[in-house]
>>> print(open('data.cif').read())   # mmCIF, C-alpha atoms
data_query
loop_
_atom_site.label_atom_id
_atom_site.label_comp_id
_atom_site.auth_asym_id
_atom_site.auth_seq_id
_atom_site.Cartn_x
_atom_site.Cartn_y
_atom_site.Cartn_z
CA MET S 1 26.03 100.35 93.87
CA ALA S 2 26.99 103.08 96.39
CA ARG S 3 29.69 100.86 97.82
CA PHE S 4 31.02 100.16 94.32
CA ARG S 5 31.09 103.90 93.56
CA ALA S 6 33.07 104.50 96.76
CA LEU S 7 35.62 101.84 95.83
CA GLN S 8 35.99 103.36 92.37
CA ALA S 9 36.62 106.81 93.88
CA ARG S 10 39.17 105.39 96.27
CA ALA S 11 41.01 103.57 93.45
CA LYS S 12 41.04 106.73 91.34
CA ALA S 13 42.41 108.82 94.23
CA SER S 14 45.08 106.20 94.99
CA SER S 15 46.15 106.06 91.33
CA SER S 16 46.38 109.83 91.16
CA GLN S 17 48.45 109.96 94.36
CA ASN S 18 50.81 107.24 93.10
CA LEU S 19 51.29 109.13 89.82
CA LYS S 20 52.19 112.32 91.69
CA GLU S 21 54.68 110.49 93.92
CA ALA S 22 56.27 108.74 90.93
CA THR S 23 56.62 112.06 89.09
CA ARG S 24 58.17 113.71 92.14
CA GLU S 25 60.63 110.81 92.57
CA THR S 26 61.60 110.96 88.89
CA GLN S 27 62.27 114.67 89.14
CA ARG S 28 64.34 114.14 92.26
CA LEU S 29 66.47 111.44 90.59
CA ALA S 30 66.89 113.58 87.47
CA THR S 31 68.26 116.49 89.48
CA ASP S 32 72.04 116.82 89.48
CA PRO S 33 73.40 116.50 93.07
CA SER S 34 76.26 118.87 92.26
CA GLN S 35 73.76 121.55 91.26
CA LEU S 36 71.90 121.07 94.52
CA ASN S 37 75.15 121.44 96.44
CA ALA S 38 75.98 124.58 94.48
CA LEU S 39 72.54 126.05 95.19
CA ASN S 40 72.85 125.25 98.88
CA ARG S 41 76.30 126.83 98.98
CA GLN S 42 75.04 129.98 97.23
CA HIS S 43 72.11 130.15 99.63
CA ALA S 44 74.46 129.88 102.62
CA ILE S 45 76.73 132.60 101.22
CA ALA S 46 73.77 134.90 100.54
CA SER S 47 72.40 134.35 104.06
CA HIS S 48 75.82 135.07 105.52
CA LYS S 49 76.18 138.32 103.59
CA LEU S 50 72.64 139.40 104.45
CA LEU S 51 73.14 138.75 108.16
CA LYS S 52 76.45 140.61 108.10
CA ALA S 53 74.91 143.62 106.34
CA ASP S 54 71.98 143.75 108.80
CA ILE S 55 74.25 143.65 111.86
CA GLU S 56 76.70 146.22 110.49
CA ASP S 57 73.83 148.56 109.53
CA SER S 58 72.53 148.40 113.08
CA GLY S 59 75.99 149.29 114.41
CA GLY S 60 76.82 145.88 115.88
CA ASP S 61 79.93 143.72 115.69
CA PHE S 62 79.32 140.88 113.25
CA GLU S 63 82.19 138.64 114.44
CA ARG S 64 81.09 139.00 118.06
CA LYS S 65 77.48 138.28 117.16
CA ARG S 66 78.53 135.28 115.16
CA ALA S 67 80.70 133.97 118.02
CA TRP S 68 77.59 133.66 120.20
CA ASP S 69 76.52 130.66 118.16
CA TRP S 70 79.75 128.74 118.95
CA THR S 71 80.66 126.90 122.12
CA VAL S 72 84.11 127.15 123.70
CA GLU S 73 85.06 123.65 122.52
CA GLU S 74 83.96 124.38 118.94
CA SER S 75 85.87 127.67 118.93
CA GLU S 76 89.05 125.97 120.20
CA ARG S 77 88.75 123.25 117.56
CA TRP S 78 88.30 125.85 114.85
CA ASP S 79 91.32 127.86 116.04
CA LYS S 80 93.43 124.70 116.11
CA ARG S 81 92.32 123.78 112.61
CA THR S 82 93.11 127.30 111.36
CA ARG S 83 96.59 127.26 112.90
CA LYS S 84 97.30 123.83 111.42
CA ARG S 85 96.14 124.96 107.96
CA ASP S 86 98.28 128.11 108.10
CA ALA S 87 101.32 126.16 109.28
CA HIS S 88 100.87 123.62 106.48
CA ARG S 89 100.53 126.42 103.92
CA ASP S 90 103.69 128.16 105.14
CA ASP S 91 105.58 124.85 105.20
CA THR S 92 105.02 124.06 101.51
CA ALA S 93 107.67 126.53 100.33
CA PHE S 94 111.25 125.34 99.90
CA ARG S 95 113.61 126.29 102.72
CA ASP S 96 116.59 123.97 102.64
CA TYR S 97 117.41 120.38 101.74
CA GLY S 98 117.44 119.28 105.37
CA ARG S 99 113.86 120.48 105.82
CA GLU S 100 112.79 118.76 102.59
CA SER S 101 114.34 115.49 103.80
CA GLU S 102 112.51 115.80 107.11
CA LYS S 103 109.17 116.32 105.32
CA ALA S 104 109.83 113.31 103.08
CA TYR S 105 110.71 111.21 106.15
CA LYS S 106 107.48 112.19 107.92
CA ARG S 107 105.48 111.48 104.79
CA GLN S 108 107.00 108.00 104.58
CA LEU S 109 106.16 107.36 108.23
CA ARG S 110 102.53 108.33 107.60
CA ASN S 111 102.36 106.01 104.60
CA MET S 112 103.75 103.12 106.63
CA GLY S 113 100.80 103.19 109.00
CA GLY S 114 100.71 102.81 112.74
CA PRO S 115 102.71 100.23 114.73
CA ASP S 116 101.24 96.80 115.41
CA LEU S 117 101.13 97.03 119.21
CA GLU S 118 99.35 93.70 119.61
CA ARG S 119 102.05 91.81 117.76
CA TYR S 120 104.77 93.73 119.59
CA THR S 121 103.25 92.73 122.94
CA LYS S 122 103.10 89.07 121.90
CA GLU S 123 106.72 89.04 120.73
CA LYS S 124 107.80 90.83 123.90
CA MET S 125 106.08 88.29 126.15
CA ALA S 126 107.52 85.41 124.10
CA ALA S 127 111.03 86.88 124.45
CA ILE S 128 110.59 87.33 128.20
CA GLU S 129 109.36 83.75 128.61
CA LYS S 130 112.25 82.43 126.52
CA ALA S 131 114.83 84.38 128.51
CA ALA S 132 113.24 83.27 131.80
CA ALA S 133 113.25 79.62 130.66
CA ALA S 134 116.94 79.89 129.68
CA GLY S 135 117.78 81.16 133.15
CA THR S 136 119.12 84.52 131.98
CA LEU S 137 116.18 86.54 133.27
CA ASP S 138 115.03 86.77 136.87
CA ILE S 139 111.84 88.38 138.12
CA VAL S 140 112.58 90.36 141.29
CA GLU S 141 110.08 92.05 143.57
CA THR S 142 111.16 95.41 144.99
CA GLU S 143 110.38 96.74 148.43
CA ASP S 144 107.32 98.64 147.22
CA GLY S 145 105.88 95.53 145.56
CA GLU S 146 106.87 96.32 141.96
CA MET S 147 107.95 93.38 139.79
CA ILE S 148 111.02 94.02 137.63
CA ALA S 149 113.09 91.82 135.32
CA VAL S 150 116.83 91.55 135.94
CA ASP S 151 118.99 90.48 133.01
CA LYS S 152 122.01 88.44 134.06
CA ASP S 153 124.21 88.44 130.96
CA GLY S 154 122.68 91.19 128.81
CA THR S 155 121.00 88.93 126.25
CA PHE S 156 117.53 90.41 126.68
CA PHE S 157 117.88 94.11 127.51
CA SER S 158 120.01 96.11 125.06
CA THR S 159 123.28 97.48 126.38
CA ALA S 160 126.42 98.91 124.82
CA ASP S 161 127.78 95.38 124.44
CA SER S 162 124.56 93.73 123.25
CA THR S 163 124.49 91.98 119.87
CA ALA S 164 121.10 90.25 120.07
CA PHE S 165 119.42 92.91 117.93
CA ALA S 166 121.46 91.76 114.92
CA GLN S 167 119.78 88.34 115.10
CA HIS S 168 116.29 89.70 114.58
CA LYS S 169 114.60 88.56 111.36
CA PRO S 170 111.59 90.56 110.12
CA ASP S 171 108.59 88.78 108.64
CA LYS S 172 107.83 88.60 104.93
CA ALA S 173 105.08 91.26 105.09
CA ALA S 174 107.47 93.81 106.57
CA VAL S 175 110.12 93.01 103.95
CA ASP S 176 107.58 93.31 101.14
CA ARG S 177 106.40 96.65 102.50
CA LEU S 178 110.00 97.92 102.60
CA VAL S 179 110.64 96.71 99.05
CA GLY S 180 107.44 98.42 97.89
CA ASP S 181 108.47 101.71 99.50
CA LEU S 182 111.91 101.54 97.88
CA ARG S 183 110.36 100.77 94.50
CA LYS S 184 108.00 103.74 94.80
CA ALA S 185 110.92 106.01 95.71
CA GLU S 186 112.92 104.79 92.70
CA GLU S 187 109.98 105.29 90.35
CA ALA S 188 109.41 108.81 91.68
CA ALA S 189 113.09 109.66 91.27
CA LEU S 190 113.15 108.32 87.68
CA LYS S 191 109.98 110.24 86.84
CA LYS S 192 111.45 113.49 88.19
CA ARG S 193 114.61 112.86 86.21
CA ARG S 194 112.68 112.30 82.98
CA ASP S 195 110.52 115.37 83.60
CA ARG S 196 113.59 117.49 84.26
CA GLN S 197 115.28 116.26 81.09
CA ALA S 198 112.10 116.86 79.07
CA LYS S 199 111.87 120.38 80.47
CA ASN S 200 115.44 121.05 79.34
CA GLY S 201 114.58 119.96 75.80
CA ASP S 202 116.05 116.47 75.97
CA ASP S 203 113.08 114.11 75.72
CA GLN S 204 115.25 111.03 75.21
CA GLY S 205 117.21 111.41 78.44
CA ASP S 206 120.93 110.86 77.90
CA VAL S 207 122.53 112.13 74.68
CA THR S 208 122.89 109.13 72.34
CA TYR S 209 123.35 110.92 69.01
CA ILE S 210 126.06 112.86 67.20
CA ASN S 211 123.87 114.98 64.93
CA GLU S 212 120.23 115.72 64.13
CA LYS S 213 119.97 112.93 61.56
CA ASN S 214 121.32 110.39 64.02
CA LYS S 215 118.87 111.69 66.65
CA GLN S 216 115.90 111.10 64.34
CA PHE S 217 117.16 107.59 63.62
CA ASN S 218 117.45 106.84 67.36
CA GLN S 219 113.94 108.15 67.95
CA LYS S 220 112.64 105.80 65.26
CA LEU S 221 114.40 102.88 66.95
CA SER S 222 112.93 103.89 70.30
CA ARG S 223 109.40 103.84 68.97
CA PHE S 224 109.78 100.21 67.93
CA TYR S 225 112.07 98.73 70.61
CA ASN S 226 111.62 100.79 73.81
CA LYS S 227 108.83 98.53 75.05
CA TYR S 228 111.24 95.57 74.94
CA THR S 229 114.21 97.33 76.57
CA ALA S 230 112.39 99.40 79.22
CA GLU S 231 113.34 97.11 82.12
CA ILE S 232 117.00 96.96 81.06
CA ARG S 233 117.25 100.74 80.74
CA GLU S 234 115.63 101.30 84.13
CA SER S 235 118.12 98.87 85.69
CA PHE S 236 120.99 100.84 84.14
CA GLU S 237 119.50 104.10 85.40
CA ARG S 238 119.17 102.72 88.92
CA GLY S 239 122.77 101.56 88.76
CA THR S 240 124.02 104.97 87.69
CA MET S 241 122.00 106.61 90.49
CA VAL S 242 123.58 104.35 93.10
#
>>> encode(input="data.cif", output="structure tokens")
Amino acid sequence: MARFRALQARAKASSSQNLKEATRETQRLATDPSQLNALNRQHAIASHKLLKADIEDSGGDFERKRAWDWTVEESERWDKRTRKRDAHRDDTAFRDYGRESEKAYKRQLRNMGGPDLERYTKEKMAAIEKAAAAGTLDIVETEDGEMIAVDKDGTFFSTADSTAFAQHKPDKAAVDRLVGDLRKAEEAALKKRRDRQAKNGDDQGDVTYINEKNKQFNQKLSRFYNKYTAEIRESFERGTMV
């Protein structure tokens, strides 16, 4: 009977502990993570202000005291990040069209991704082997032991008279990526054009009416038939842009 009583007490304690843990887990899942982040941010700000007030009241330099907690590498990284942020902020304003074109060019380069160095190396080795097999490329060892390739007729290394670069044919993936970039640029240009026309009070783009009554009639036609003629109109707009 004593052993049975002990088992009953243990089962009761285990059930009570499980209920507490389940309640705590439910409360944790019901808590909004954004509110927790906001509370943590407010706590960090309050601690920062309190520490600053205490140091200034004692006559110390807060920035110097705070710098003691940073290593040289962390301080240099922070300064670099600050300079980059300030430069980016100052560079957002319009200066001239040349600068805007340069920023657009750099943005397009970032969107293209990095170069495929592995594929470039394979194509380079294949071209070298092909030129060597054709007898137009000789491998020569210099006096210091360095191996260099000597092009006999200029078919491998580019010169002022070389025309081999015009025979290069890019793969389908590169062509598709170029077509996608051009399509995105055209869509962005058309969107800017429509936004500019809407801002000027011309929601329909080009003027296709002679009076207000005719404008209302054209708007009614557009509501019914624009979805069928969208591709044709965009083709005309691209043609007029070119």
>>> residues_around(input="data.cif", residues="segment 181-183 of chain S", least_positions_apart="6", cutoff="10 Å", atoms="all atoms listed in the file", output="list in words")
Gln108, Asn111, Met112, Val175 and Ala189 of chain S
>>> closest_residue(input="data.cif", among="S:Asp176, S:Asp116, S:Glu187, S:Asp195", to="Glu237 of chain S", atoms="all atoms listed in the file")
S:Glu187
>>> closest_residue(input="data.cif", among="S:Arg119, S:Arg5, S:Arg238, S:Arg66", to="Arg193 of chain S", atoms="all atoms listed in the file")
S:Arg238
>>> residues_around(input="data.cif", residues="segment 40-56 of chain S", least_positions_apart="6", cutoff="10 Å", atoms="only C-alpha atoms", output="PDB file with C-alpha atoms, in the frame of the given file")
ATOM      1  CA  SER S  34      76.260 118.870  92.260  1.00  0.00           C
ATOM      2  CA  PHE S  62      79.320 140.880 113.250  1.00  0.00           C
ATOM      3  CA  GLU S  63      82.190 138.640 114.440  1.00  0.00           C
ATOM      4  CA  LYS S  65      77.480 138.280 117.160  1.00  0.00           C
ATOM      5  CA  ARG S  66      78.530 135.280 115.160  1.00  0.00           C
TER       6      ARG S  66
END
>>> atom_distance(input="data.cif", atom1="atom CA of Ala185 of chain S", atom2="atom CA of Glu234 of chain S")
13.4 Å
>>> residues_around(input="data.cif", residues="Val150 of chain S", least_positions_apart="5", cutoff="7 Å", atoms="all atoms listed in the file", output="list of chain:residue names")
S:Leu137, S:Asp138, S:Ile139, S:Val140
>>> residues_around(input="data.cif", residues="segment 217-225 of chain S", least_positions_apart="5", cutoff="9 Å", atoms="all atoms listed in the file", output="VMD selection string")
chain S and resid 204 208 to 209 212 230
>>> atom_distance(input="data.cif", atom1="atom CA of Ala11 of chain S", atom2="atom CA of Arg24 of chain S")
20.0 Å
>>> atom_distance(input="data.cif", atom1="atom CA of Val72 of chain S", atom2="atom CA of His88 of chain S")
24.3 Å
>>> axis_aligned_box(input="data.cif", around="segment 219-231 of chain S", padding_each_side="4 Å", output="lines of an AutoDock Vina configuration file")
center_x = 111.6
center_y = 101.9
center_z = 73.7
size_x = 13.6
size_y = 20.6
size_z = 24.9
